[in-house]
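A quick write-up on the structure given underneath.
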Amino acid sequence: MQPTPGLDAKLHQWFDDHADDVVKLAQDLISIPSVNPKFNPEESPYGEANVQEYIADYLHRLGMDPVLYAASDDRLNLHTPLNPEADRTIAFNGHVDVVPAGDERSWSFPPFSGALSNGRIYGRGAMDMKGGIASALLALRALHDTGFEIDGKVGMHTVVDEEAGGFGTRDLLSRMKFAPDGVIVGEPSNEEIQIAAGGLDWVRVTIRGRSGHAGWRFAEIYPQPFESPERDAGTSINAIDLASNFLQAVNGLERQWSATKVHPLLPPGITTISPGVIRGGSGLDGQGLPTLFNNPAVIPDSVAIDFDLKFIPGDDDSVRAEFEDFVSTWAKQHYWTANNPPLVKWEVADLRFPSMDTPFDDSLVTALSQSVEASGSAPQVTGFPAVADSAFYAAAGSAAVIYGPQGGGIHGPDEWVSIDSLKRVSRNLSLAALAYLDGR
(Lines give C-alpha, C1' and ligand atoms only; values in the text may rest on other atoms or scores of the structure.)
Protein backbone atom coordinates (compact mmCIF):
# COMPACT_ATOMS: atom_id res chain seq x y z
CA MET A 1 0.00 0.00 0.00
CA GLN A 2 1.69 3.16 -1.20
CA PRO A 3 1.02 6.55 0.41
CA THR A 4 -0.64 9.15 -1.77
CA PRO A 5 1.94 11.98 -2.02
CA GLY A 6 0.93 15.57 -1.40
CA LEU A 7 -2.78 15.00 -0.86
CA ASP A 8 -2.77 16.04 2.79
CA ALA A 9 -1.67 19.56 1.86
CA LYS A 10 -4.13 19.65 -1.03
CA LEU A 11 -6.95 18.64 1.28
CA HIS A 12 -6.09 21.36 3.79
CA GLN A 13 -6.01 23.93 1.00
CA TRP A 14 -9.28 22.63 -0.43
CA PHE A 15 -11.03 23.03 2.91
CA ASP A 16 -9.59 26.50 3.36
CA ASP A 17 -11.46 27.37 0.17
CA HIS A 18 -14.61 25.22 0.44
CA ALA A 19 -15.35 24.41 4.09
CA ASP A 20 -18.36 26.77 4.10
CA ASP A 21 -20.09 24.48 1.60
CA VAL A 22 -21.03 22.16 4.45
CA VAL A 23 -23.56 24.73 5.67
CA LYS A 24 -25.83 24.49 2.63
CA LEU A 25 -25.43 20.73 2.59
CA ALA A 26 -26.63 20.46 6.18
CA GLN A 27 -29.46 22.95 5.60
CA ASP A 28 -30.65 21.05 2.54
CA LEU A 29 -30.75 17.76 4.45
CA ILE A 30 -32.48 19.27 7.51
CA SER A 31 -35.11 20.98 5.35
CA ILE A 32 -36.35 17.59 4.10
CA PRO A 33 -38.60 16.24 6.88
CA SER A 34 -37.77 12.56 7.39
CA VAL A 35 -39.47 11.57 10.63
CA ASN A 36 -39.33 7.83 11.24
CA PRO A 37 -42.83 6.64 10.28
CA LYS A 38 -42.86 4.21 13.21
CA PHE A 39 -43.13 7.23 15.50
CA ASN A 40 -45.61 9.27 13.50
CA PRO A 41 -47.56 7.49 10.72
CA GLU A 42 -49.10 10.82 9.71
CA GLU A 43 -45.73 12.08 8.47
CA SER A 44 -45.00 11.86 4.76
CA PRO A 45 -43.80 8.32 3.98
CA TYR A 46 -41.51 9.77 1.33
CA GLY A 47 -39.37 11.96 3.59
CA GLU A 48 -36.61 9.42 4.08
CA ALA A 49 -36.64 8.57 0.37
CA ASN A 50 -36.34 12.23 -0.55
CA VAL A 51 -33.24 12.56 1.64
CA GLN A 52 -31.72 9.44 0.13
CA GLU A 53 -32.35 10.65 -3.41
CA TYR A 54 -30.68 13.97 -2.57
CA ILE A 55 -27.65 12.07 -1.26
CA ALA A 56 -27.62 9.76 -4.29
CA ASP A 57 -27.61 12.73 -6.66
CA TYR A 58 -24.73 14.31 -4.72
CA LEU A 59 -22.69 11.11 -4.89
CA HIS A 60 -23.39 10.67 -8.61
CA ARG A 61 -21.75 14.04 -9.18
CA LEU A 62 -18.62 12.70 -7.48
CA GLY A 63 -18.45 9.80 -9.90
CA MET A 64 -19.65 7.31 -7.30
CA ASP A 65 -22.31 4.70 -7.99
CA PRO A 66 -24.84 4.77 -5.14
CA VAL A 67 -27.30 1.92 -4.81
CA LEU A 68 -30.78 2.64 -3.48
CA TYR A 69 -32.83 -0.35 -2.36
CA ALA A 70 -35.91 -1.02 -0.27
CA ALA A 71 -35.07 -2.17 3.23
CA SER A 72 -37.73 -2.86 5.88
CA ASP A 73 -41.23 -1.64 5.02
CA ASP A 74 -39.99 -0.50 1.59
CA ARG A 75 -37.97 2.33 3.14
CA LEU A 76 -34.87 3.26 1.19
CA ASN A 77 -31.32 2.45 2.25
CA LEU A 78 -28.31 3.73 0.31
CA HIS A 79 -24.80 2.41 -0.09
CA THR A 80 -21.95 2.77 -2.54
CA PRO A 81 -20.25 -0.51 -3.51
CA LEU A 82 -16.86 -1.31 -2.04
CA ASN A 83 -14.13 -2.92 -4.10
CA PRO A 84 -13.24 -6.40 -2.77
CA GLU A 85 -9.84 -6.11 -4.48
CA ALA A 86 -8.90 -2.95 -2.56
CA ASP A 87 -6.13 -3.30 0.00
CA ARG A 88 -8.35 -1.60 2.57
CA THR A 89 -11.85 -0.10 2.63
CA ILE A 90 -13.60 2.45 4.82
CA ALA A 91 -17.21 3.61 5.01
CA PHE A 92 -19.00 6.62 6.47
CA ASN A 93 -22.33 5.69 8.08
CA GLY A 94 -25.29 7.91 8.96
CA HIS A 95 -29.03 7.54 9.49
CA VAL A 96 -31.53 9.74 7.66
CA ASP A 97 -34.52 9.13 9.94
CA VAL A 98 -35.22 11.62 12.72
CA VAL A 99 -37.55 11.70 15.71
CA PRO A 100 -40.71 13.86 15.63
CA ALA A 101 -40.34 17.60 16.17
CA GLY A 102 -42.86 17.64 19.01
CA ASP A 103 -44.70 20.86 19.85
CA GLU A 104 -43.50 23.33 17.22
CA ARG A 105 -44.49 26.23 19.50
CA SER A 106 -41.54 25.33 21.74
CA TRP A 107 -39.09 25.93 18.88
CA SER A 108 -37.44 29.29 18.26
CA PHE A 109 -37.34 28.48 14.53
CA PRO A 110 -39.47 26.17 12.40
CA PRO A 111 -38.10 22.66 13.07
CA PHE A 112 -37.36 21.88 9.43
CA SER A 113 -36.07 25.29 8.39
CA GLY A 114 -32.34 24.78 8.85
CA ALA A 115 -32.23 28.30 10.27
CA LEU A 116 -28.86 29.97 10.86
CA SER A 117 -28.20 31.88 14.09
CA ASN A 118 -25.04 32.65 16.06
CA GLY A 119 -22.88 30.09 14.30
CA ARG A 120 -25.46 27.34 14.58
CA ILE A 121 -27.81 25.51 12.24
CA TYR A 122 -31.17 24.75 13.84
CA GLY A 123 -33.63 22.02 12.99
CA ARG A 124 -34.79 18.53 13.74
CA GLY A 125 -31.95 16.20 12.83
CA ALA A 126 -29.32 18.96 12.83
CA MET A 127 -27.28 17.17 15.48
CA ASP A 128 -28.81 13.70 15.20
CA MET A 129 -27.53 13.26 12.62
CA LYS A 130 -27.83 15.12 9.33
CA GLY A 131 -24.95 17.36 10.34
CA GLY A 132 -22.71 14.30 10.50
CA ILE A 133 -23.95 13.14 7.09
CA ALA A 134 -23.24 16.57 5.60
CA SER A 135 -19.68 16.47 6.95
CA ALA A 136 -19.12 13.01 5.46
CA LEU A 137 -20.48 14.07 2.07
CA LEU A 138 -18.21 17.09 1.93
CA ALA A 139 -15.26 14.91 2.95
CA LEU A 140 -15.99 12.66 -0.04
CA ARG A 141 -16.18 15.66 -2.34
CA ALA A 142 -12.84 16.91 -1.02
CA LEU A 143 -11.18 13.56 -1.73
CA HIS A 144 -12.69 13.53 -5.22
CA ASP A 145 -11.77 17.13 -6.07
CA THR A 146 -8.17 16.76 -4.92
CA GLY A 147 -7.60 13.74 -7.14
CA PHE A 148 -7.89 10.80 -4.76
CA GLU A 149 -9.13 7.69 -6.56
CA ILE A 150 -12.11 6.72 -4.43
CA ASP A 151 -12.83 3.71 -6.69
CA GLY A 152 -14.61 1.57 -4.12
CA LYS A 153 -12.13 2.25 -1.36
CA VAL A 154 -14.41 4.72 0.41
CA GLY A 155 -18.10 3.99 0.83
CA MET A 156 -21.12 5.97 1.97
CA HIS A 157 -23.86 4.19 3.92
CA THR A 158 -27.02 6.14 4.75
CA VAL A 159 -29.78 4.14 6.35
CA VAL A 160 -33.31 4.29 7.72
CA ASP A 161 -34.76 3.13 11.02
CA GLU A 162 -31.81 3.76 13.33
CA GLU A 163 -33.98 5.68 15.76
CA ALA A 164 -36.26 2.65 16.19
CA GLY A 165 -33.49 0.12 16.77
CA GLY A 166 -30.83 0.11 14.08
CA PHE A 167 -32.75 -2.05 11.65
CA GLY A 168 -31.57 -0.14 8.58
CA THR A 169 -27.87 -0.82 9.17
CA ARG A 170 -28.60 -4.40 10.20
CA ASP A 171 -30.40 -4.93 6.90
CA LEU A 172 -27.61 -3.26 4.92
CA LEU A 173 -24.87 -5.39 6.45
CA SER A 174 -26.90 -8.57 5.95
CA ARG A 175 -26.96 -7.88 2.20
CA MET A 176 -23.31 -6.92 1.81
CA LYS A 177 -20.82 -9.59 0.73
CA PHE A 178 -18.26 -8.18 3.14
CA ALA A 179 -18.12 -5.45 5.76
CA PRO A 180 -15.72 -2.51 5.34
CA ASP A 181 -12.39 -2.78 7.11
CA GLY A 182 -13.16 0.43 8.95
CA VAL A 183 -16.26 2.53 9.53
CA ILE A 184 -16.79 5.98 11.00
CA VAL A 185 -20.34 6.56 12.24
CA GLY A 186 -21.12 10.27 12.30
CA GLU A 187 -23.30 10.34 15.40
CA PRO A 188 -22.87 13.57 17.41
CA SER A 189 -19.84 12.78 19.57
CA ASN A 190 -18.91 16.43 20.26
CA GLU A 191 -15.80 15.72 18.20
CA GLU A 192 -14.62 13.03 20.58
CA ILE A 193 -13.28 9.85 19.00
CA GLN A 194 -15.49 7.26 20.62
CA ILE A 195 -14.21 3.70 20.35
CA ALA A 196 -16.26 1.85 22.97
CA ALA A 197 -19.97 1.46 23.64
CA GLY A 198 -22.02 -0.87 25.76
CA GLY A 199 -24.52 -3.28 24.30
CA LEU A 200 -28.28 -3.21 24.72
CA ASP A 201 -30.93 -5.89 25.10
CA TRP A 202 -34.68 -5.48 25.41
CA VAL A 203 -35.86 -8.27 27.67
CA ARG A 204 -39.34 -9.13 28.91
CA VAL A 205 -40.03 -10.85 32.23
CA THR A 206 -43.54 -12.30 32.60
CA ILE A 207 -44.68 -13.09 36.14
CA ARG A 208 -47.77 -15.26 36.70
CA GLY A 209 -50.09 -15.18 39.67
CA ARG A 210 -53.61 -16.52 40.26
CA SER A 211 -56.68 -14.39 39.66
CA GLY A 212 -59.47 -13.83 42.11
CA HIS A 213 -61.90 -11.26 43.51
CA ALA A 214 -60.37 -8.19 45.13
CA GLY A 215 -63.08 -8.32 47.81
CA TRP A 216 -61.35 -11.36 49.25
CA ARG A 217 -57.84 -9.89 49.15
CA PHE A 218 -57.95 -9.67 52.95
CA ALA A 219 -57.97 -13.47 53.05
CA GLU A 220 -54.84 -13.56 50.93
CA ILE A 221 -53.01 -11.21 53.30
CA TYR A 222 -54.28 -12.22 56.76
CA PRO A 223 -54.50 -15.81 58.06
CA GLN A 224 -58.07 -17.16 58.11
CA PRO A 225 -59.63 -20.07 60.02
CA PHE A 226 -58.56 -23.35 58.44
CA GLU A 227 -62.01 -24.49 57.33
CA SER A 228 -63.59 -21.10 56.63
CA PRO A 229 -64.90 -20.23 53.13
CA GLU A 230 -62.77 -17.10 53.22
CA ARG A 231 -59.65 -19.27 53.32
CA ASP A 232 -60.59 -20.91 50.01
CA ALA A 233 -61.64 -17.59 48.47
CA GLY A 234 -58.35 -15.98 49.46
CA THR A 235 -56.09 -18.26 47.47
CA SER A 236 -55.47 -15.67 44.73
CA ILE A 237 -51.92 -14.47 44.08
CA ASN A 238 -51.67 -10.87 42.90
CA ALA A 239 -49.13 -10.73 40.06
CA ILE A 240 -48.69 -6.99 40.54
CA ASP A 241 -47.58 -7.57 44.13
CA LEU A 242 -45.06 -10.11 42.88
CA ALA A 243 -43.88 -7.72 40.17
CA SER A 244 -43.40 -4.94 42.70
CA ASN A 245 -41.18 -7.19 44.77
CA PHE A 246 -39.28 -8.24 41.66
CA LEU A 247 -38.65 -4.64 40.61
CA GLN A 248 -37.10 -3.88 44.00
CA ALA A 249 -34.81 -6.87 43.54
CA VAL A 250 -33.85 -5.70 40.04
CA ASN A 251 -32.98 -2.30 41.47
CA GLY A 252 -30.57 -4.03 43.82
CA LEU A 253 -29.00 -5.97 40.95
CA GLU A 254 -28.63 -2.75 38.98
CA ARG A 255 -26.73 -1.16 41.88
CA GLN A 256 -24.56 -4.24 42.22
CA TRP A 257 -23.68 -4.20 38.53
CA SER A 258 -22.88 -0.48 38.68
CA ALA A 259 -20.19 -1.20 41.26
CA THR A 260 -18.73 -4.35 39.71
CA LYS A 261 -19.12 -3.96 35.93
CA VAL A 262 -16.92 -1.11 34.73
CA HIS A 263 -15.13 -0.04 31.56
CA PRO A 264 -12.39 2.63 31.50
CA LEU A 265 -14.04 4.62 28.69
CA LEU A 266 -17.66 4.42 29.84
CA PRO A 267 -19.46 6.23 32.68
CA PRO A 268 -19.87 4.46 36.02
CA GLY A 269 -23.26 2.79 36.29
CA ILE A 270 -23.67 2.34 32.53
CA THR A 271 -25.09 -1.15 33.15
CA THR A 272 -28.64 -0.02 33.79
CA ILE A 273 -31.66 -2.33 33.89
CA SER A 274 -34.45 0.13 33.23
CA PRO A 275 -38.11 -0.98 33.44
CA GLY A 276 -39.77 0.78 30.54
CA VAL A 277 -43.16 -0.87 29.95
CA ILE A 278 -45.38 -2.73 32.44
CA ARG A 279 -48.61 -4.51 31.53
CA GLY A 280 -50.86 -6.22 34.05
CA GLY A 281 -54.11 -8.16 33.74
CA SER A 282 -55.72 -11.55 33.80
CA GLY A 283 -54.80 -14.11 31.21
CA LEU A 284 -52.36 -13.87 28.33
CA ASP A 285 -53.18 -12.99 24.73
CA GLY A 286 -51.77 -14.58 21.58
CA GLN A 287 -48.58 -12.57 21.91
CA GLY A 288 -47.97 -13.69 25.47
CA LEU A 289 -48.98 -10.32 26.91
CA PRO A 290 -51.45 -9.80 29.75
CA THR A 291 -55.00 -9.02 28.73
CA LEU A 292 -55.56 -5.56 30.12
CA PHE A 293 -58.58 -4.75 32.29
CA ASN A 294 -59.95 -1.50 33.65
CA ASN A 295 -61.59 -3.24 36.61
CA PRO A 296 -59.38 -3.30 39.71
CA ALA A 297 -61.87 -5.64 41.40
CA VAL A 298 -60.19 -8.48 39.48
CA ILE A 299 -56.90 -9.57 41.04
CA PRO A 300 -54.47 -9.82 38.11
CA ASP A 301 -52.73 -13.09 37.38
CA SER A 302 -50.10 -11.85 34.94
CA VAL A 303 -47.62 -8.99 34.63
CA ALA A 304 -45.13 -8.46 31.80
CA ILE A 305 -42.24 -6.02 32.34
CA ASP A 306 -40.06 -4.89 29.45
CA PHE A 307 -36.55 -3.84 30.46
CA ASP A 308 -33.94 -1.82 28.63
CA LEU A 309 -30.81 -3.68 29.76
CA LYS A 310 -27.33 -2.29 29.10
CA PHE A 311 -24.10 -4.29 29.34
CA ILE A 312 -20.41 -3.45 29.05
CA PRO A 313 -18.07 -4.72 26.33
CA GLY A 314 -17.00 -8.26 27.11
CA ASP A 315 -20.35 -9.29 28.60
CA ASP A 316 -22.10 -9.93 25.28
CA ASP A 317 -22.01 -13.71 25.73
CA SER A 318 -22.61 -13.87 29.49
CA VAL A 319 -25.11 -11.16 30.43
CA ARG A 320 -28.20 -13.15 29.45
CA ALA A 321 -27.28 -16.18 31.52
CA GLU A 322 -26.40 -13.93 34.45
CA PHE A 323 -29.76 -12.15 34.33
CA GLU A 324 -31.67 -15.41 33.96
CA ASP A 325 -29.82 -16.84 36.98
CA PHE A 326 -30.85 -13.75 38.95
CA VAL A 327 -34.52 -14.22 37.96
CA SER A 328 -34.39 -17.89 38.91
CA THR A 329 -32.80 -17.14 42.28
CA TRP A 330 -35.41 -14.48 43.03
CA ALA A 331 -38.25 -16.83 42.10
CA LYS A 332 -37.06 -19.51 44.54
CA GLN A 333 -37.60 -17.11 47.45
CA HIS A 334 -41.41 -17.27 47.14
CA TYR A 335 -43.35 -20.52 47.31
CA TRP A 336 -45.59 -19.54 44.42
CA THR A 337 -42.94 -18.34 41.97
CA ALA A 338 -40.70 -21.28 42.91
CA ASN A 339 -43.38 -23.51 41.39
CA ASN A 340 -44.47 -21.02 38.72
CA PRO A 341 -41.19 -19.44 37.58
CA PRO A 342 -41.24 -16.23 35.52
CA LEU A 343 -40.71 -16.40 31.78
CA VAL A 344 -37.78 -14.49 30.28
CA LYS A 345 -37.95 -13.41 26.62
CA TRP A 346 -34.96 -11.77 24.91
CA GLU A 347 -34.81 -9.50 21.89
CA VAL A 348 -38.23 -7.98 22.45
CA ALA A 349 -39.25 -6.25 19.20
CA ASP A 350 -36.17 -7.96 17.67
CA LEU A 351 -33.93 -5.39 19.32
CA ARG A 352 -30.37 -6.08 20.40
CA PHE A 353 -27.23 -3.99 20.02
CA PRO A 354 -23.93 -5.80 20.54
CA SER A 355 -21.18 -3.90 22.32
CA MET A 356 -18.27 -2.13 20.62
CA ASP A 357 -14.69 -2.07 21.89
CA THR A 358 -12.24 -0.95 19.21
CA PRO A 359 -8.60 -1.07 20.43
CA PHE A 360 -6.78 2.20 21.14
CA ASP A 361 -4.01 1.21 18.76
CA ASP A 362 -6.22 0.27 15.82
CA SER A 363 -5.02 1.99 12.65
CA LEU A 364 -8.38 3.72 12.15
CA VAL A 365 -8.21 5.27 15.64
CA THR A 366 -4.63 6.31 14.94
CA ALA A 367 -5.52 7.84 11.57
CA LEU A 368 -8.41 9.84 13.01
CA SER A 369 -6.41 10.97 16.06
CA GLN A 370 -3.52 12.16 13.90
CA SER A 371 -5.93 14.00 11.57
CA VAL A 372 -7.54 15.82 14.47
CA GLU A 373 -4.11 16.79 15.79
CA ALA A 374 -2.94 17.93 12.35
CA SER A 375 -5.97 20.25 12.22
CA GLY A 376 -4.90 21.95 15.41
CA SER A 377 -6.96 20.16 18.06
CA ALA A 378 -6.08 17.69 20.79
CA PRO A 379 -7.75 14.33 20.06
CA GLN A 380 -9.98 12.98 22.84
CA VAL A 381 -10.55 9.22 22.76
CA THR A 382 -13.60 8.24 24.83
CA GLY A 383 -16.61 5.94 24.89
CA PHE A 384 -20.21 6.42 23.72
CA PRO A 385 -22.74 6.23 26.59
CA ALA A 386 -25.68 5.19 24.39
CA VAL A 387 -25.85 2.70 21.50
CA ALA A 388 -25.30 3.31 17.80
CA ASP A 389 -25.09 1.51 14.48
CA SER A 390 -21.33 1.18 14.98
CA ALA A 391 -22.17 -1.87 17.10
CA PHE A 392 -23.37 -3.85 14.08
CA TYR A 393 -20.24 -3.05 12.09
CA ALA A 394 -18.08 -4.14 15.02
CA ALA A 395 -19.98 -7.41 15.22
CA ALA A 396 -19.41 -7.89 11.47
CA GLY A 397 -15.66 -7.47 11.91
CA SER A 398 -15.13 -3.80 11.06
CA ALA A 399 -12.97 -1.46 13.09
CA ALA A 400 -15.70 0.93 14.26
CA VAL A 401 -15.45 4.49 15.54
CA ILE A 402 -18.04 7.15 16.35
CA TYR A 403 -17.00 10.67 15.39
CA GLY A 404 -19.33 13.55 14.75
CA PRO A 405 -19.96 17.26 15.36
CA GLN A 406 -20.81 19.35 18.38
CA GLY A 407 -24.35 20.51 18.99
CA GLY A 408 -27.27 20.44 21.41
CA GLY A 409 -30.98 19.92 21.86
CA ILE A 410 -30.88 16.32 20.67
CA HIS A 411 -34.43 14.91 20.49
CA GLY A 412 -35.74 18.15 21.97
CA PRO A 413 -36.77 21.62 20.80
CA ASP A 414 -34.19 23.90 19.17
CA GLU A 415 -31.87 21.07 18.16
CA TRP A 416 -28.73 22.59 16.66
CA VAL A 417 -25.31 21.80 15.28
CA SER A 418 -22.20 23.99 15.32
CA ILE A 419 -21.10 25.29 11.91
CA ASP A 420 -17.44 25.48 12.94
CA SER A 421 -17.64 21.93 14.22
CA LEU A 422 -19.12 20.68 10.94
CA LYS A 423 -16.18 22.20 9.12
CA ARG A 424 -13.62 20.60 11.41
CA VAL A 425 -15.28 17.20 11.30
CA SER A 426 -15.49 17.22 7.52
CA ARG A 427 -11.82 18.11 7.15
CA ASN A 428 -10.76 15.47 9.66
CA LEU A 429 -12.89 12.77 8.03
CA SER A 430 -11.20 13.30 4.70
CA LEU A 431 -7.72 13.32 6.23
CA ALA A 432 -8.44 10.24 8.31
CA ALA A 433 -9.81 8.29 5.34
CA LEU A 434 -6.73 9.17 3.31
CA ALA A 435 -4.33 8.17 6.11
CA TYR A 436 -6.22 4.93 6.84
CA LEU A 437 -6.30 3.87 3.22
CA ASP A 438 -2.64 4.76 2.75
CA GLY A 439 -1.74 2.58 5.69
CA ARG A 440 -0.32 5.42 7.75
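In the C-alpha coordinates, chains take letters A, B, ... by order of appearance, with residues numbered from 1 within each chain and ligands from 1 in the order shown.
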*Compile the contact shell of stretch 379-390 of chain A as a count of residues only: residues with an atom at most 8 Å away, counting only C-alpha atoms, same-chain residues fewer than 2 positions apart removed.*
35
_Gap from atom CA of A:Ala101 to atom CA of A:Leu78 - Å, one decimal_ =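 Result for atom CA of A:Ala101 versus atom CA of A:Leu78: 24.3 Å, one decimal.
Between A:Ala139 and the residues A:Pro100, A:Pro342, A:Pro111, A:Gly186, the shortest atom-to-atom distance, using only C-alpha atoms, involves A:Gly186.
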_Best match for closeness to A:Thr366 among A:Pro275, A:Asp308, A:Asp325, A:Tyr436, counting only C-alpha atoms_ =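 Using only C-alpha atoms, the shortest distance to A:Thr366 belongs to A:Tyr436.
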_alpha helix (DSSP H) residues, from DSSP on the backbone, in stretch 30-112 of chain A, as a list in words_ = Ile30, Gly47, Glu48, Ala49, Asn50, Val51, Gln52, Glu53, Tyr54, Ile55, Ala56, Asp57, Tyr58, Leu59 and His60 of chain A
_For A:Ile150, the nearest of the candidates A:Lys38, A:Arg88, A:His213, A:Lys345, counting only C-alpha atoms_ = A:Arg88
_strand (DSSP E) residues, from DSSP on the backbone, in stretch 206-384 of chain A, as an MDAnalysis selection string_ = chainID A and resid 206:208 212:213 273:284 290:292 298:299 302:311 343:346 352:353 356:357 381:384
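Among A:Ala49, A:Ala26, A:Val365, A:Leu143, the residue with the shortest atom-to-atom distance to A:Ala399, counting only C-alpha atoms, is A:Val365.
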*Write out as a PyMOL selection string which residues come within 7 Å of stretch 102-107 of chain A when counting only C-alpha atoms, dropping same-chain ones fewer than 3 positions away.*
chain A and resi 110-111+413-414
